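A short worksheet on the structure shown next.
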Amino acid sequence: MMKISITKELNAFRSFAEHTAIEAGKILLQYRGKARILRSKKDFGDIVTEADEASEKYIISNLLKTFPSHTFLSEESGQAQKKSDYRWVIDPLDGTKEFAKGVPMFAINIALEYKGELLVGITYFPVMNEMYSSARDLGTTLNGHKIHVSDINTLEKSVVYAHAPQRTEPQDNFNRLWNKLKSIGLCVYRLKTGSSEQFFCPWIALGAYEAYWLPVNYPSWWDMASLILIVQEAGGKVTTGKGNLVTEQNFKTEGILASNGKIHEKLLNIIQL
């Protein structure tokens, strides 16, 4: 009875996250092609648009109306001050630069934590109407259909994505990370670089690719929280670049490695050389 009750509750949380993301996605599509850039944050490319704020406003409003005792962490509004064992982690528009330039590669990420443990994670792509949805011990689905990571277990047959180091990295670290990328590239079937982790992690869950390595602290927790559970519940594995359990604190210094699980240790060995 207890497991049935827990499953019912998780499905309710997941259903809420899915519905909220779909409605927020409609808001983003209304702004598509005409959203004003309101401000820049860290640099000229790190921007906030009207769409970011409108999507976040809807998500938080719906959250507080449905679960008034819960707290949240959101990209634009930050951490809510109230205390609760339940915390929603929200990215109302993941891929703002792409959105502002008319590229359809943007998503909404919503995750739910209970005492720091991920319970629910969804990533929704409004243009393609693709909903990647996961809940603890209940698997990952794409538009309601169960998906699973690939069965490839050799590096020679694996396609791996990695976030390339940025020019702002200290020179010695920049060179070190490029050398690691070169080492991976010499071992795998194909190595590709890119920064759109909101795509690569769901595609790992789908079985399309085998791994994604984020070496340093470019994204924030709201970029990654939902994606971690999506990969894990599809049968994959996610650790830091040092092989540790990923937390909101350590991924900033240790990075993240997400994979189908079958090539995970082999990649870790290369990364840690």
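Each chain in the structure tokens gets a letter, A, B and so on, in the order shown; residues start at 1 in every chain, and ligands are counted from 1 in the order they appear.
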All helix (DSSP H, G or I) positions in stretch 104-269 of chain A, as a ChimeraX atom specification: /A:155-157,171-185,197-206,221-233,251-254,264-269
Take the residues just selected and output them with C-alpha atoms as a CSV table (one decimal), in the first residue's frame.
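File produced: again23.csv:
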```csv
chain,number,residue,atom,x,y,z
A,155,LEU,CA,34.2,3.3,-26.8
A,156,GLU,CA,35.0,2.4,-30.4
A,157,LYS,CA,31.2,2.3,-31.2
A,171,GLN,CA,45.3,29.0,-20.1
A,172,ASP,CA,46.7,25.9,-18.3
A,173,ASN,CA,43.2,24.6,-17.6
A,174,PHE,CA,42.1,25.4,-21.2
A,175,ASN,CA,45.0,23.3,-22.5
A,176,ARG,CA,44.4,20.5,-20.0
A,177,LEU,CA,40.7,20.2,-21.0
A,178,TRP,CA,41.5,20.2,-24.7
A,179,ASN,CA,44.0,17.5,-24.2
A,180,LYS,CA,41.4,15.4,-22.4
A,181,LEU,CA,39.0,16.0,-25.3
A,182,LYS,CA,41.7,14.9,-27.7
A,183,SER,CA,42.2,11.7,-25.6
A,184,ILE,CA,38.5,10.9,-25.7
A,185,GLY,CA,38.3,11.7,-29.5
A,197,GLU,CA,23.1,19.9,-22.5
A,198,GLN,CA,19.3,20.2,-22.5
A,199,PHE,CA,19.4,18.2,-25.8
A,200,PHE,CA,22.3,15.9,-25.3
A,201,CYS,CA,21.1,14.3,-22.0
A,202,PRO,CA,17.6,13.5,-23.2
A,203,TRP,CA,19.2,12.1,-26.4
A,204,ILE,CA,21.3,9.8,-24.2
A,205,ALA,CA,18.1,8.7,-22.4
A,206,LEU,CA,16.6,8.0,-25.9
A,221,TRP,CA,21.7,23.7,-11.2
A,222,TRP,CA,18.5,24.6,-12.9
A,223,ASP,CA,20.1,23.6,-16.2
A,224,MET,CA,21.0,20.2,-15.0
A,225,ALA,CA,18.7,18.9,-12.2
A,226,SER,CA,15.9,17.5,-14.5
A,227,LEU,CA,18.4,16.1,-17.0
A,228,ILE,CA,20.3,14.1,-14.4
A,229,LEU,CA,17.1,12.2,-13.4
A,230,ILE,CA,16.0,11.8,-17.0
A,231,VAL,CA,19.3,9.9,-17.8
A,232,GLN,CA,19.3,7.9,-14.6
A,233,GLU,CA,15.7,6.7,-15.0
A,251,PHE,CA,29.2,19.7,-10.0
A,252,LYS,CA,30.5,23.3,-10.1
A,253,THR,CA,34.0,22.2,-9.5
A,254,GLU,CA,34.0,18.5,-10.6
A,264,HIS,CA,31.0,5.3,-18.0
A,265,GLU,CA,34.0,3.9,-16.1
A,266,LYS,CA,36.1,3.9,-19.3
A,267,LEU,CA,35.4,7.5,-19.9
A,268,LEU,CA,36.1,8.4,-16.3
A,269,ASN,CA,39.5,6.7,-16.6
```
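Separating atom CA of A:Val103 from atom CA of A:Lys26 is a distance of 16.3 Å.
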Nearby residues (only C-alpha atoms) at most 10 Å from A:Phe67, same-chain spacing under 4 positions excluded, as a VMD selection string: chain A and resid 13 61 to 63 71 86
Distance query stretch 48-59 of chain A at most 10 Å, only C-alpha atoms, self and fewer than 6 positions along chain excluded, as a PyMOL selection string: chain A and resi 17+20-21+23-32+34-41+65+74-77+90-97+99-100+108+110
Could the residues in this selection be written to a file with C-alpha atoms, as a tab-separated table (two decimals), in the first residue's frame?
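Result file selection20.tsv:
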```
chain	number	residue	atom	x	y	z
A	17	ALA	CA	5.33	19.46	-13.94
A	20	THR	CA	2.94	23.39	-16.26
A	21	ALA	CA	5.76	23.05	-18.79
A	23	GLU	CA	1.44	25.78	-20.70
A	24	ALA	CA	4.69	27.70	-20.22
A	25	GLY	CA	5.78	26.42	-23.62
A	26	LYS	CA	2.73	28.05	-25.17
A	27	ILE	CA	3.84	31.34	-23.65
A	28	LEU	CA	7.33	30.96	-25.13
A	29	LEU	CA	5.90	30.24	-28.57
A	30	GLN	CA	3.79	33.40	-28.37
A	31	TYR	CA	6.98	35.40	-27.85
A	32	ARG	CA	8.99	33.54	-30.46
A	34	LYS	CA	9.50	39.05	-31.14
A	35	ALA	CA	10.75	38.85	-27.54
A	36	ARG	CA	12.74	41.88	-26.40
A	37	ILE	CA	16.09	41.38	-24.69
A	38	LEU	CA	15.71	42.96	-21.26
A	39	ARG	CA	19.25	42.69	-19.92
A	40	SER	CA	22.53	40.80	-19.95
A	41	LYS	CA	23.89	38.99	-16.91
A	65	LYS	CA	-1.17	28.01	-6.17
A	74	SER	CA	14.48	29.45	-10.37
A	75	GLU	CA	16.93	31.02	-12.79
A	76	GLU	CA	15.56	34.56	-12.78
A	77	SER	CA	13.96	34.77	-9.31
A	90	ILE	CA	13.06	25.70	-12.55
A	91	ASP	CA	14.62	26.91	-15.78
A	92	PRO	CA	11.79	28.72	-17.58
A	93	LEU	CA	13.77	29.00	-20.81
A	94	ASP	CA	16.85	26.87	-21.28
A	95	GLY	CA	18.54	28.07	-24.44
A	96	THR	CA	17.71	31.78	-24.32
A	97	LYS	CA	20.44	32.68	-26.82
A	99	PHE	CA	15.50	31.37	-28.66
A	100	ALA	CA	16.45	35.01	-29.25
A	108	ILE	CA	11.76	24.26	-20.20
A	110	ILE	CA	11.41	21.53	-14.12
```
Selection near A:Thr239, 8 Å with only C-alpha atoms, sequence-local residues under 3 positions removed, as a PyMOL selection string: chain A and resi 242-246+256-258
Stretch 180-239 of chain A: residues DSSP assigns to strand (DSSP E), reported as a VMD selection string: chain A and resid 190 to 193 211 to 214 237 to 239
Take the residues from that selection and write them out as a short mmCIF file (atom, residue, chain, number, x, y, z; two decimals), in the first residue's frame, keeping N, CA and C atoms.
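Dumped to out-v2.cif:
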```cif
data_model
loop_
_atom_site.label_atom_id
_atom_site.label_comp_id
_atom_site.auth_asym_id
_atom_site.auth_seq_id
_atom_site.Cartn_x
_atom_site.Cartn_y
_atom_site.Cartn_z
N ARG A 190 32.94 8.68 -32.48
CA ARG A 190 32.84 10.08 -32.87
C ARG A 190 32.71 10.98 -31.65
N LEU A 191 33.50 12.05 -31.61
CA LEU A 191 33.41 13.04 -30.55
C LEU A 191 32.89 14.34 -31.14
N LYS A 192 31.86 14.89 -30.51
CA LYS A 192 31.29 16.15 -30.96
C LYS A 192 31.27 17.11 -29.78
N THR A 193 31.40 18.40 -30.07
CA THR A 193 31.36 19.39 -29.00
C THR A 193 30.12 20.25 -29.16
N ALA A 211 27.16 9.35 -24.43
CA ALA A 211 27.66 10.10 -23.27
C ALA A 211 27.74 11.58 -23.55
N TYR A 212 27.76 12.34 -22.46
CA TYR A 212 27.97 13.79 -22.51
C TYR A 212 28.85 14.17 -21.33
N TRP A 213 29.91 14.91 -21.61
CA TRP A 213 30.83 15.35 -20.56
C TRP A 213 30.80 16.86 -20.47
N LEU A 214 30.44 17.33 -19.30
CA LEU A 214 30.49 18.75 -18.97
C LEU A 214 31.67 18.94 -18.02
N LYS A 237 23.77 6.48 -16.32
CA LYS A 237 24.52 6.80 -15.12
C LYS A 237 25.00 8.23 -15.20
N VAL A 238 24.95 8.94 -14.07
CA VAL A 238 25.43 10.32 -14.00
C VAL A 238 26.28 10.47 -12.75
N THR A 239 27.52 10.93 -12.92
CA THR A 239 28.41 11.22 -11.80
C THR A 239 29.12 12.54 -12.09
#
```
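Taking atom CA of A:Arg136 and atom CA of A:Gly207 as the two end points, the separation is 19.3 Å.
Nearest residue to A:Ser84, choosing from A:Tyr124, A:Tyr132, A:Tyr114, A:Phe106 and counting only C-alpha atoms: A:Tyr114.
Interatomic distance, atom CA of A:Lys101 against atom CA of A:Thr168: 23.1 Å.
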Residues near A:Phe125, cut-off 7 Å, only C-alpha atoms, skip fewer than 2 positions along chain, as a list of chain:residue names: A:Phe106, A:Ala107, A:Ile108, A:Thr123, A:Val127, A:Met128, A:Asn129, A:Glu130, A:Met131
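Counting only C-alpha atoms and comparing A:Ala135, A:Gln81, A:Ala162, A:Ile147, the residue that lies closest to A:Ser15 is A:Ala135.
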